[in-house]
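**Student:** Provided herewith: entry.txt, compact mmCIF, C-alpha atoms.
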# COMPACT_ATOMS: atom_id res chain seq x y z
CA MET A 1 157.84 60.18 141.12
CA ASN A 2 156.97 59.22 144.72
CA ILE A 3 153.50 58.12 145.82
CA LYS A 4 152.71 61.42 147.56
CA LYS A 5 153.41 63.51 144.46
CA LEU A 6 151.42 61.07 142.30
CA LEU A 7 148.39 61.38 144.57
CA VAL A 8 148.59 65.18 144.46
CA LEU A 9 148.74 65.10 140.64
CA ILE A 10 145.76 62.74 140.40
CA SER A 11 143.75 64.95 142.77
CA ALA A 12 144.57 68.02 140.67
CA LEU A 13 143.47 66.23 137.49
CA ILE A 14 140.18 65.22 139.10
CA VAL A 15 139.49 68.84 140.07
CA VAL A 16 140.27 70.04 136.52
CA VAL A 17 138.02 67.41 134.93
CA ALA A 18 135.20 68.23 137.33
CA PHE A 19 135.58 71.94 136.61
CA VAL A 20 135.55 71.40 132.83
CA GLY A 21 132.53 69.12 133.12
CA CYS A 22 130.67 71.67 135.23
CA ALA A 23 131.57 74.47 132.81
CA SER A 24 130.39 72.47 129.80
CA GLN A 25 127.08 71.71 131.55
CA GLN A 26 126.63 75.42 132.23
CA GLU A 27 127.30 76.19 128.55
CA VAL A 28 124.69 73.62 127.49
CA ALA A 29 122.17 75.07 129.94
CA LYS A 30 122.93 78.56 128.69
CA SER A 31 122.57 77.42 125.08
CA ASP A 32 119.23 75.78 125.84
CA ASN A 33 117.88 79.09 127.11
CA VAL A 34 118.99 81.16 124.11
CA ILE A 35 116.18 81.44 121.56
CA LYS A 36 117.06 82.68 118.07
CA ILE A 37 114.13 84.15 116.14
CA GLY A 38 114.28 85.38 112.57
CA ALA A 39 112.14 88.44 111.86
CA SER A 40 111.48 91.31 109.48
CA PRO A 41 112.91 94.55 110.91
CA VAL A 42 109.55 96.34 111.15
CA PRO A 43 107.31 95.69 112.97
CA HIS A 44 108.33 92.15 113.89
CA ALA A 45 111.80 92.80 115.31
CA GLU A 46 110.48 95.86 117.14
CA ILE A 47 107.74 93.78 118.76
CA LEU A 48 110.26 91.09 119.72
CA GLU A 49 112.47 93.71 121.38
CA GLU A 50 109.51 94.51 123.66
CA ILE A 51 109.36 90.98 125.02
CA LYS A 52 113.06 90.63 125.84
CA PRO A 53 112.58 91.83 129.45
CA ILE A 54 109.58 89.53 129.91
CA LEU A 55 111.58 86.52 128.76
CA LYS A 56 114.68 87.52 130.70
CA GLU A 57 112.67 87.28 133.91
CA GLN A 58 111.93 83.68 132.92
CA GLY A 59 115.60 82.90 132.27
CA ILE A 60 115.34 83.08 128.48
CA GLU A 61 117.73 85.10 126.33
CA LEU A 62 116.13 86.22 123.07
CA GLU A 63 118.39 86.74 120.05
CA ILE A 64 116.73 88.48 117.11
CA ILE A 65 118.05 87.74 113.61
CA GLU A 66 116.76 90.27 111.07
CA PHE A 67 115.86 89.29 107.50
CA THR A 68 114.80 91.68 104.74
CA ASP A 69 113.12 89.17 102.42
CA TYR A 70 110.31 86.62 102.59
CA VAL A 71 112.31 83.55 101.53
CA THR A 72 115.40 83.22 103.72
CA PRO A 73 113.64 83.10 107.15
CA ASN A 74 111.81 79.86 106.34
CA LEU A 75 114.89 78.25 104.81
CA ALA A 76 116.95 79.27 107.86
CA LEU A 77 114.34 77.77 110.19
CA ASP A 78 114.21 74.52 108.24
CA SER A 79 118.02 74.22 108.33
CA LYS A 80 118.02 74.88 112.10
CA GLU A 81 119.98 78.13 111.87
CA ILE A 82 117.22 79.74 113.95
CA ASP A 83 114.65 78.35 116.39
CA ALA A 84 111.57 80.19 115.07
CA ASN A 85 110.57 82.98 112.73
CA PHE A 86 108.09 85.82 112.88
CA PHE A 87 107.36 87.63 109.62
CA GLN A 88 104.55 85.92 107.70
CA HIS A 89 100.87 84.99 107.70
CA LEU A 90 99.48 81.45 107.46
CA PRO A 91 98.48 81.48 103.75
CA TYR A 92 102.03 82.48 102.82
CA LEU A 93 103.51 79.79 105.08
CA GLU A 94 101.26 77.12 103.56
CA SER A 95 102.10 78.21 100.01
CA PHE A 96 105.85 78.45 100.66
CA THR A 97 106.17 75.11 102.46
CA ARG A 98 104.13 73.35 99.78
CA GLU A 99 106.24 74.76 96.93
CA ASN A 100 109.55 74.14 98.73
CA ASN A 101 108.67 70.79 100.31
CA LEU A 102 109.24 72.01 103.86
CA LYS A 103 107.51 71.12 107.12
CA LEU A 104 107.01 74.16 109.36
CA SER A 105 104.21 74.96 111.79
CA SER A 106 102.42 77.99 113.21
CA ILE A 107 101.97 77.98 116.98
CA GLY A 108 99.97 81.20 117.26
CA SER A 109 98.88 84.56 115.83
CA VAL A 110 100.23 87.94 116.94
CA HIS A 111 99.13 90.80 114.68
CA VAL A 112 97.63 91.82 111.35
CA GLU A 113 99.29 94.20 108.90
CA PRO A 114 96.60 95.48 106.50
CA LEU A 115 97.83 95.74 102.91
CA GLY A 116 97.66 99.21 101.34
CA LEU A 117 97.77 100.93 97.92
CA TYR A 118 100.13 103.93 97.97
CA SER A 119 101.04 106.61 95.45
CA LYS A 120 103.25 109.67 95.11
CA LYS A 121 101.33 110.81 92.03
CA LEU A 122 97.72 110.47 93.12
CA GLY A 123 95.82 112.31 95.83
CA SER A 124 92.90 109.87 95.80
CA ILE A 125 91.88 106.64 94.07
CA GLU A 126 89.46 108.66 91.91
CA GLU A 127 92.49 110.19 90.15
CA LEU A 128 93.66 106.80 88.88
CA LYS A 129 93.60 107.05 85.07
CA ASP A 130 93.18 104.47 82.34
CA ASN A 131 96.37 102.55 81.46
CA ALA A 132 97.91 103.44 84.84
CA GLN A 133 100.77 101.25 86.05
CA ILE A 134 100.42 99.53 89.43
CA ALA A 135 103.19 97.58 91.19
CA ILE A 136 102.17 94.52 93.22
CA PRO A 137 104.07 91.88 95.27
CA ASN A 138 105.44 89.04 93.14
CA ASP A 139 105.22 86.25 95.74
CA PRO A 140 102.23 83.92 95.21
CA THR A 141 100.23 84.70 98.35
CA ASN A 142 100.70 88.46 98.53
CA GLU A 143 100.12 88.90 94.80
CA GLY A 144 96.72 87.26 95.16
CA ARG A 145 96.02 89.33 98.24
CA ALA A 146 96.89 92.54 96.35
CA LEU A 147 94.61 91.61 93.46
CA ILE A 148 91.77 90.87 95.87
CA LEU A 149 92.25 94.33 97.42
CA LEU A 150 91.91 95.91 93.96
CA GLU A 151 88.91 93.73 93.13
CA ASN A 152 87.16 94.62 96.39
CA ASN A 153 87.47 98.27 95.38
CA GLY A 154 86.06 97.78 91.88
CA LEU A 155 89.28 98.25 89.88
CA ILE A 156 89.41 94.72 88.44
CA LYS A 157 87.36 91.53 88.49
CA LEU A 158 88.93 88.12 89.11
CA LYS A 159 87.73 84.77 87.86
CA GLU A 160 85.33 83.06 90.21
CA ASN A 161 87.04 80.97 92.91
CA SER A 162 90.52 82.22 91.95
CA GLY A 163 91.15 82.67 95.68
CA LEU A 164 94.14 83.97 97.58
CA GLU A 165 96.62 82.54 95.09
CA ALA A 166 95.15 84.52 92.19
CA THR A 167 97.62 85.73 89.56
CA LEU A 168 97.46 88.21 86.72
CA LYS A 169 96.12 85.36 84.55
CA ASP A 170 93.02 85.28 86.78
CA ILE A 171 91.99 88.85 85.93
CA GLU A 172 88.69 88.48 84.09
CA SER A 173 87.90 92.17 83.68
CA ASN A 174 90.18 95.22 83.74
CA PRO A 175 87.99 98.25 82.81
CA LYS A 176 90.80 100.81 83.17
CA ASN A 177 93.27 98.59 81.30
CA LEU A 178 95.63 98.83 84.26
CA GLU A 179 99.18 97.64 83.70
CA PHE A 180 100.67 95.55 86.49
CA LYS A 181 104.32 95.31 87.44
CA GLU A 182 105.29 92.34 89.63
CA VAL A 183 108.02 93.29 92.13
CA GLU A 184 109.68 91.64 95.13
CA ALA A 185 107.74 92.82 98.19
CA ALA A 186 110.73 94.45 99.88
CA GLN A 187 111.40 96.60 96.80
CA LEU A 188 107.84 97.95 96.38
CA PRO A 189 108.38 101.28 98.22
CA ARG A 190 111.18 102.07 95.75
CA THR A 191 108.75 101.78 92.83
CA LEU A 192 106.64 104.74 93.93
CA ASP A 193 108.64 107.19 91.80
CA ASP A 194 108.25 105.04 88.70
CA VAL A 195 104.63 103.80 88.76
CA ASP A 196 101.26 105.38 89.42
CA ALA A 197 100.62 103.32 92.57
CA SER A 198 102.01 100.36 94.50
CA VAL A 199 100.37 97.76 96.72
CA ILE A 200 102.77 97.52 99.66
CA ASN A 201 102.91 95.24 102.70
CA THR A 202 102.64 97.30 105.88
CA ASN A 203 106.01 96.27 107.31
CA TYR A 204 107.79 97.63 104.24
CA ALA A 205 105.50 100.66 104.13
CA ILE A 206 106.42 101.54 107.72
CA GLU A 207 110.13 101.15 106.95
CA ALA A 208 109.68 103.61 104.06
CA GLY A 209 107.98 106.17 106.32
CA LEU A 210 104.47 105.54 104.96
CA ASP A 211 101.44 105.62 107.26
CA LEU A 212 98.62 103.24 106.35
CA THR A 213 95.98 105.38 108.04
CA LYS A 214 97.11 108.62 106.35
CA ASP A 215 98.90 107.73 103.12
CA ALA A 216 97.12 104.69 101.68
CA LEU A 217 94.61 105.28 98.88
CA LEU A 218 93.09 101.88 99.65
CA SER A 219 93.64 99.37 102.44
CA GLU A 220 92.38 96.08 103.77
CA GLY A 221 89.99 96.36 106.68
CA LYS A 222 91.05 95.57 110.23
CA GLU A 223 89.13 92.32 109.84
CA SER A 224 91.87 91.02 107.50
CA PRO A 225 92.38 87.30 108.20
CA TYR A 226 96.08 87.42 107.40
CA ALA A 227 97.45 87.42 110.93
CA ASN A 228 101.23 87.24 111.29
CA ILE A 229 102.31 84.12 113.13
CA LEU A 230 105.13 82.61 115.16
CA VAL A 231 106.50 79.68 113.15
CA VAL A 232 108.58 76.71 114.36
CA ARG A 233 109.67 73.29 113.19
CA PRO A 234 107.00 70.60 113.87
CA GLU A 235 109.09 68.91 116.56
CA ASP A 236 109.19 72.18 118.51
CA GLU A 237 105.44 72.86 118.61
CA LYS A 238 105.40 72.07 122.34
CA ASN A 239 108.85 73.42 123.18
CA GLU A 240 108.41 75.13 126.57
CA ASN A 241 110.65 78.10 125.80
CA LEU A 242 108.98 78.76 122.45
CA ILE A 243 105.56 78.57 124.09
CA LYS A 244 106.80 81.19 126.57
CA VAL A 245 107.85 83.38 123.63
CA LEU A 246 104.35 83.09 122.14
CA LYS A 247 102.68 83.93 125.46
CA ALA A 248 104.90 86.99 125.78
CA LEU A 249 103.97 88.06 122.24
CA GLN A 250 100.29 87.69 123.13
CA SER A 251 100.59 89.61 126.39
CA ASP A 252 98.76 92.78 127.40
CA GLU A 253 102.09 94.62 127.30
CA VAL A 254 102.57 93.79 123.63
CA LYS A 255 98.96 94.62 122.77
CA SER A 256 99.38 98.05 124.33
CA PHE A 257 102.73 98.56 122.56
CA ILE A 258 101.28 97.70 119.13
CA GLU A 259 98.29 100.00 119.57
CA LYS A 260 100.40 102.94 120.75
CA LYS A 261 103.37 102.45 118.41
CA TYR A 262 101.59 101.85 115.13
CA GLY A 263 98.29 103.69 115.52
CA GLY A 264 96.15 101.29 113.50
CA ALA A 265 98.72 100.39 110.85
CA VAL A 266 99.38 97.18 112.81
CA VAL A 267 96.50 95.52 114.66
CA PRO A 268 96.73 92.95 117.52
CA ALA A 269 95.28 89.58 116.49
CA PHE A 270 94.87 88.05 119.96
Show this structure as structure tokens.
**Tutor:**
Amino acid sequence: MNIKKLLVLISALIVVVAFVGCASQQEVAKSDNVIKIGASPVPHAEILEEIKPILKEQGIELEIIEFTDYVTPNLALDSKEIDANFFQHLPYLESFTRENNLKLSSIGSVHVEPLGLYSKKLGSIEELKDNAQIAIPNDPTNEGRALILLENNGLIKLKENSGLEATLKDIESNPKNLEFKEVEAAQLPRTLDDVDASVINTNYAIEAGLDLTKDALLSEGKESPYANILVVRPEDEKNENLIKVLKALQSDEVKSFIEKKYGGAVVPAF
């Protein structure tokens, strides 16, 4: 091979290497601006869909990964399969991370989903008979929350200081001798044909076509402290892109969307 041909070949190789290097840098930049957030389908994923245009203007591509349970999203976040999740309130996060030895952090509140008691067999709570069967969430935080809802409406009495993590063992008085059935939260709407009433989280109630303001026999007040939060790994608490996601979730556009879309069944918490 003569010198001239060798120089041409070397020049071509330099161009190829430079092009590949430039392309790989673009892929890294693109990857850095893709945010994967795990969320329950309703209302969380719906709310996230509303902020996609806001984030796109800031050069951020939002990818929504839907989960239908309350366990997998935190495990996926811890294992770095997603960058954040949006499906839970702080008491649940604290309980879950403590029991599973995880370190995850809330960076802000978005909305409240008041818990409700629903029934296909009762027209009002006054129709609830002795020995009636009531289904409640089986996860530690939401079970306690359901029991507190029933206590606040005079159906049971819990032991003093039993708190948010109350269980069936903490029921001190049960005048109607109610029978409780512990069920995974996502499955609660399906129990309505089999029990007298079910305490259902609003996101699952909405998915099942239930309206908190019209269908619930009992519900938490709008002052409920259980705001749903955006959760990240501790090292990402100050991540600029995730902070932008939170600001978008707490924007006037999202507040208006929540109020119009859910009509009181979901309440802005910012």
**Student:** Would you please work out which residue, of A:Glu253, A:Glu160, A:Glu220, A:Glu113, is nearest to Lys52 of chain A when using all atoms listed in the file?
**Tutor:**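 Result for the nearest residue to Lys52 of chain A: A:Glu253.
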**Student:** Using only C-alpha atoms, which residue out of A:Val267, A:Ala205, A:Leu75, A:Ala248 lies closest to Gly221 of chain A?
**Tutor:**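 Selected residue with least distance to Gly221 of chain A: A:Val267.
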**Student:** Name the closest residue to Glu49 of chain A among the candidates A:Asn239, A:Val254, A:Val266, A:Gly123; distances are taken between atoms, counting only C-alpha atoms.
**Tutor:**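 Residue with the minimum atom-to-atom distance to Glu49 of chain A: A:Val254.
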**Student:** I'd like the interatomic distance between atom CA of Phe87 of chain A and atom CA of Ile229 of chain A, to a tenth of an Å.
**Tutor:**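 For atom CA of Phe87 of chain A relative to atom CA of Ile229 of chain A, the distance reads 7.1 Å.
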**Student:** Between segment 124-150 of chain A and segment 189-202 of chain A, at 10 Å or less, what are the per-residue closest atom pairs and their distances in Å? Count only C-alpha atoms, order by chain and rising residue number, and return it as a Markdown table.
**Tutor:**
| residue | atom | partner | partner_atom | distance |
| --- | --- | --- | --- | --- |
| A:Ile125 | CA | A:Ala197 | CA | 9.5 |
| A:Leu128 | CA | A:Asp196 | CA | 7.8 |
| A:Lys129 | CA | A:Asp196 | CA | 9.0 |
| A:Asn131 | CA | A:Asp196 | CA | 9.8 |
| A:Ala132 | CA | A:Asp196 | CA | 6.0 |
| A:Gln133 | CA | A:Asp196 | CA | 5.4 |
| A:Ile134 | CA | A:Ala197 | CA | 4.9 |
| A:Ala135 | CA | A:Ser198 | CA | 4.5 |
| A:Ile136 | CA | A:Val199 | CA | 5.1 |
| A:Pro137 | CA | A:Val199 | CA | 7.1 |
| A:Asn142 | CA | A:Asn201 | CA | 8.3 |
| A:Glu143 | CA | A:Val199 | CA | 9.1 |
| A:Arg145 | CA | A:Val199 | CA | 9.6 |
| A:Ala146 | CA | A:Val199 | CA | 6.3 |
| A:Leu147 | CA | A:Val199 | CA | 9.0 |
| A:Leu149 | CA | A:Val199 | CA | 8.8 |
| A:Leu150 | CA | A:Val199 | CA | 9.1 |
**Student:** With all atoms listed in the file as the basis for distance, which of A:Ser219, A:Leu55, A:Gly38, A:Ile47 is at the shortest distance from Thr72 of chain A?
**Tutor:** A:Gly38
**Student:** Enumerate, as a PyMOL selection string, the protein, DNA and RNA residues whose atoms approach (104.2, 91.3, 89.0) to within 6 Å, taking into account all atoms listed in the file and the coordinate frame of the file.
**Tutor:** chain A and resi 136+138+181-183
**Student:** Between atom CA of Ala45 of chain A and atom CA of Val110 of chain A, what is the distance in Å, rounded to a tenth?
**Tutor:**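 Distance reported for this atom pair: 12.7 Å.
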**Student:** So that I can check the surroundings of segment 162-164 of chain A, please list as an NGL selection string every protein, DNA and RNA residue that reaches within 12 Å of it, counting only C-alpha atoms and ignoring chain neighbours fewer than 2 positions away.
**Tutor:** :A and (90-92 or 94-95 or 139-149 or 151 or 157-160 or 166-172 or 225-226)
**Student:** Store the residues of this selection in a file with C-alpha atoms, as a PDB file, in the coordinates of the input.
**Tutor:**
ATOM      1  CA  LEU A  90      99.480  81.450 107.460  1.00  0.00           C
ATOM      2  CA  PRO A  91      98.480  81.480 103.750  1.00  0.00           C
ATOM      3  CA  TYR A  92     102.030  82.480 102.820  1.00  0.00           C
ATOM      4  CA  GLU A  94     101.260  77.120 103.560  1.00  0.00           C
ATOM      5  CA  SER A  95     102.100  78.210 100.010  1.00  0.00           C
ATOM      6  CA  ASP A 139     105.220  86.250  95.740  1.00  0.00           C
ATOM      7  CA  PRO A 140     102.230  83.920  95.210  1.00  0.00           C
ATOM      8  CA  THR A 141     100.230  84.700  98.350  1.00  0.00           C
ATOM      9  CA  ASN A 142     100.700  88.460  98.530  1.00  0.00           C
ATOM     10  CA  GLU A 143     100.120  88.900  94.800  1.00  0.00           C
ATOM     11  CA  GLY A 144      96.720  87.260  95.160  1.00  0.00           C
ATOM     12  CA  ARG A 145      96.020  89.330  98.240  1.00  0.00           C
ATOM     13  CA  ALA A 146      96.890  92.540  96.350  1.00  0.00           C
ATOM     14  CA  LEU A 147      94.610  91.610  93.460  1.00  0.00           C
ATOM     15  CA  ILE A 148      91.770  90.870  95.870  1.00  0.00           C
ATOM     16  CA  LEU A 149      92.250  94.330  97.420  1.00  0.00           C
ATOM     17  CA  GLU A 151      88.910  93.730  93.130  1.00  0.00           C
ATOM     18  CA  LYS A 157      87.360  91.530  88.490  1.00  0.00           C
ATOM     19  CA  LEU A 158      88.930  88.120  89.110  1.00  0.00           C
ATOM     20  CA  LYS A 159      87.730  84.770  87.860  1.00  0.00           C
ATOM     21  CA  GLU A 160      85.330  83.060  90.210  1.00  0.00           C
ATOM     22  CA  ALA A 166      95.150  84.520  92.190  1.00  0.00           C
ATOM     23  CA  THR A 167      97.620  85.730  89.560  1.00  0.00           C
ATOM     24  CA  LEU A 168      97.460  88.210  86.720  1.00  0.00           C
ATOM     25  CA  LYS A 169      96.120  85.360  84.550  1.00  0.00           C
ATOM     26  CA  ASP A 170      93.020  85.280  86.780  1.00  0.00           C
ATOM     27  CA  ILE A 171      91.990  88.850  85.930  1.00  0.00           C
ATOM     28  CA  GLU A 172      88.690  88.480  84.090  1.00  0.00           C
ATOM     29  CA  PRO A 225      92.380  87.300 108.200  1.00  0.00           C
ATOM     30  CA  TYR A 226      96.080  87.420 107.400  1.00  0.00           C
TER      31      TYR A 226
END
**Student:** Around all listed atoms of segment 55-69 of chain A, padded 3 Å per side, what centre and edge lengths does the axis-aligned box have in Å to one decimal, as AutoDock Vina command-line options?
**Tutor:**
--center_x 115.0 --center_y 87.3 --center_z 118.2 --size_x 12.8 --size_y 14.8 --size_z 37.5
**Student:** Using only C-alpha atoms, find the one residue out of A:Ile156, A:Ile258, A:Val112, A:Leu62 that sits nearest to Gln88 of chain A.
**Tutor:**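 Closest candidate: A:Val112.
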